[in-house]
Amino acid sequence: MKKPGATALPATRKRVLVADDDHMLVEALCLFLGLEGFEVISAQSGMGALNEIEMSSPDAVILDISMPVLDGAQVCRHLRNVMGDRNTPVIVLTGLVDQRWRKLMSEAGADEFVPKPCDFKELSSLVSRLTGDGVEAEVSETGRD
């Protein structure tokens, strides 16, 4: 039964991959996006990101540029050119804010470029917009069950 003042979760939650070698950022972002109603998976290297993409078919990818083994540009190019996926939104979340990085990631097939540090709520809204999902978590107005 729906609680007064609560909104229902959508029937199918959108799956988001968070790939970054900063373990604390990954944990915080996964927790936040999970509370926002997303199903969140994570990777801490470029190779790990590609493995998760192949196994989990995320609805969106949040990707750092500087990661071990494969960098974000290599992951994005592989997703777009080798795997043939031109539809999954790729959001670059990075501290590398120089225009050459934007150009490199755009050429690799990224959809959005978000500088670190970022506002998690704005990032969540961007993911919702790019996945075409109005994600709503079930939360009571009082914060109690």
# chains A, B, ... in the order shown; residues from 1 in each chain; ligands from 1
call {"tool": "select_by_dssp", "arguments": {"residues": "chain A", "states": "alpha helix (DSSP H)", "output": "JSON, numbers by chain"}}
result
{"A": [23, 24, 25, 26, 27, 28, 29, 30, 31, 32, 33, 34, 35, 46, 47, 48, 49, 50, 51, 52, 53, 54, 55, 56, 72, 73, 74, 75, 76, 77, 99, 100, 101, 102, 103, 104, 105, 106, 107, 108, 120, 121, 122, 123, 124, 125, 126, 127, 128, 129, 130, 131]}
call {"tool": "select_by_dssp", "arguments": {"residues": "chain A", "states": "strand (DSSP E or B)", "output": "list in words"}}
result
Arg15, Val16, Leu17, Val18, Ala19, Glu39, Val40, Ile41, Ser42, Ala43, Ala60, Val61, Ile62, Leu63, Val90, Ile91, Val92, Leu93, Thr94, Glu112, Phe113, Val114 and Pro115 of chain A
call {"tool": "write_last_selection", "arguments": {"atoms": "C-alpha atoms", "output": "compact mmCIF listing (two decimals), in the first residue's frame"}}
result
# COMPACT_ATOMS: atom_id res chain seq x y z
CA ARG A 15 20.67 1.10 -14.55
CA VAL A 16 23.65 3.47 -14.33
CA LEU A 17 27.33 2.54 -14.45
CA VAL A 18 29.67 4.78 -12.46
CA ALA A 19 33.30 4.28 -13.57
CA GLU A 39 20.05 0.82 -10.01
CA VAL A 40 23.78 1.55 -9.78
CA ILE A 41 26.76 -0.57 -10.76
CA SER A 42 30.37 0.53 -10.56
CA ALA A 43 33.88 -0.01 -11.88
CA ALA A 60 23.71 5.39 -18.89
CA VAL A 61 27.44 5.53 -18.16
CA ILE A 62 29.17 8.09 -15.93
CA LEU A 63 32.83 7.91 -16.85
CA VAL A 90 27.92 8.67 -21.75
CA ILE A 91 28.50 11.43 -19.20
CA VAL A 92 32.12 12.37 -18.61
CA LEU A 93 32.72 13.32 -14.97
CA THR A 94 36.27 14.58 -14.65
CA GLU A 112 27.89 15.32 -21.81
CA PHE A 113 30.91 16.71 -19.97
CA VAL A 114 30.57 17.48 -16.24
CA PRO A 115 33.52 18.99 -14.32
call {"tool": "residues_around", "arguments": {"residues": "Ala28 (chain A)", "least_positions_apart": "4", "cutoff": "12 Å", "atoms": "only C-alpha atoms", "output": "list of chain:residue names"}}
result
A:Val18, A:Asp20, A:Asp22, A:His23, A:Met24, A:Phe32, A:Leu33, A:Gly34, A:Leu35, A:Val40, A:Ser42, A:Asp119, A:Phe120
call {"tool": "write_last_selection", "arguments": {"atoms": "C-alpha atoms", "output": "compact mmCIF listing (two decimals), in the first residue's frame"}}
result
# COMPACT_ATOMS: atom_id res chain seq x y z
CA VAL A 18 29.67 4.78 -12.46
CA ASP A 20 36.02 6.19 -11.73
CA ASP A 22 38.39 7.43 -6.98
CA HIS A 23 36.88 4.83 -4.64
CA MET A 24 35.32 7.36 -2.25
CA PHE A 32 23.27 9.03 -3.87
CA LEU A 33 22.05 7.70 -7.23
CA GLY A 34 20.62 4.63 -5.49
CA LEU A 35 18.65 6.90 -3.17
CA VAL A 40 23.78 1.55 -9.78
CA SER A 42 30.37 0.53 -10.56
CA ASP A 119 26.46 18.76 -7.69
CA PHE A 120 25.12 15.20 -7.32
call {"tool": "atom_distance", "arguments": {"atom1": "CA of Arg13 (chain A)", "atom2": "CA of Lys121 (chain A)"}}
result
17.1 Å
call {"tool": "residues_around", "arguments": {"residues": "Ala73 (chain A)", "least_positions_apart": "6", "cutoff": "10 Å", "atoms": "only C-alpha atoms", "output": "PDB file with C-alpha atoms, in the first residue's frame"}}
result
ATOM      1  CA  GLY A  46      38.477   1.329 -17.808  1.00  0.00           C
ATOM      2  CA  LEU A  63      32.829   7.914 -16.850  1.00  0.00           C
ATOM      3  CA  ASP A  64      36.058   9.493 -15.614  1.00  0.00           C
ATOM      4  CA  ILE A  65      38.835  10.184 -18.128  1.00  0.00           C
ATOM      5  CA  SER A  66      41.872   9.250 -16.000  1.00  0.00           C
ATOM      6  CA  MET A  67      41.567   5.581 -15.039  1.00  0.00           C
ATOM      7  CA  LEU A  79      31.537   1.324 -26.582  1.00  0.00           C
ATOM      8  CA  VAL A  92      32.121  12.374 -18.614  1.00  0.00           C
ATOM      9  CA  TRP A 101      39.659  17.036 -23.065  1.00  0.00           C
ATOM     10  CA  LEU A 104      38.747  14.415 -27.172  1.00  0.00           C
ATOM     11  CA  MET A 105      35.767  12.975 -25.299  1.00  0.00           C
ATOM     12  CA  SER A 106      33.269  14.452 -27.733  1.00  0.00           C
ATOM     13  CA  GLU A 107      35.170  12.858 -30.623  1.00  0.00           C
ATOM     14  CA  ALA A 108      35.181   9.560 -28.690  1.00  0.00           C
ATOM     15  CA  GLY A 109      31.377   9.724 -28.535  1.00  0.00           C
ATOM     16  CA  ALA A 110      30.587  11.207 -25.114  1.00  0.00           C
TER      17      ALA A 110
END
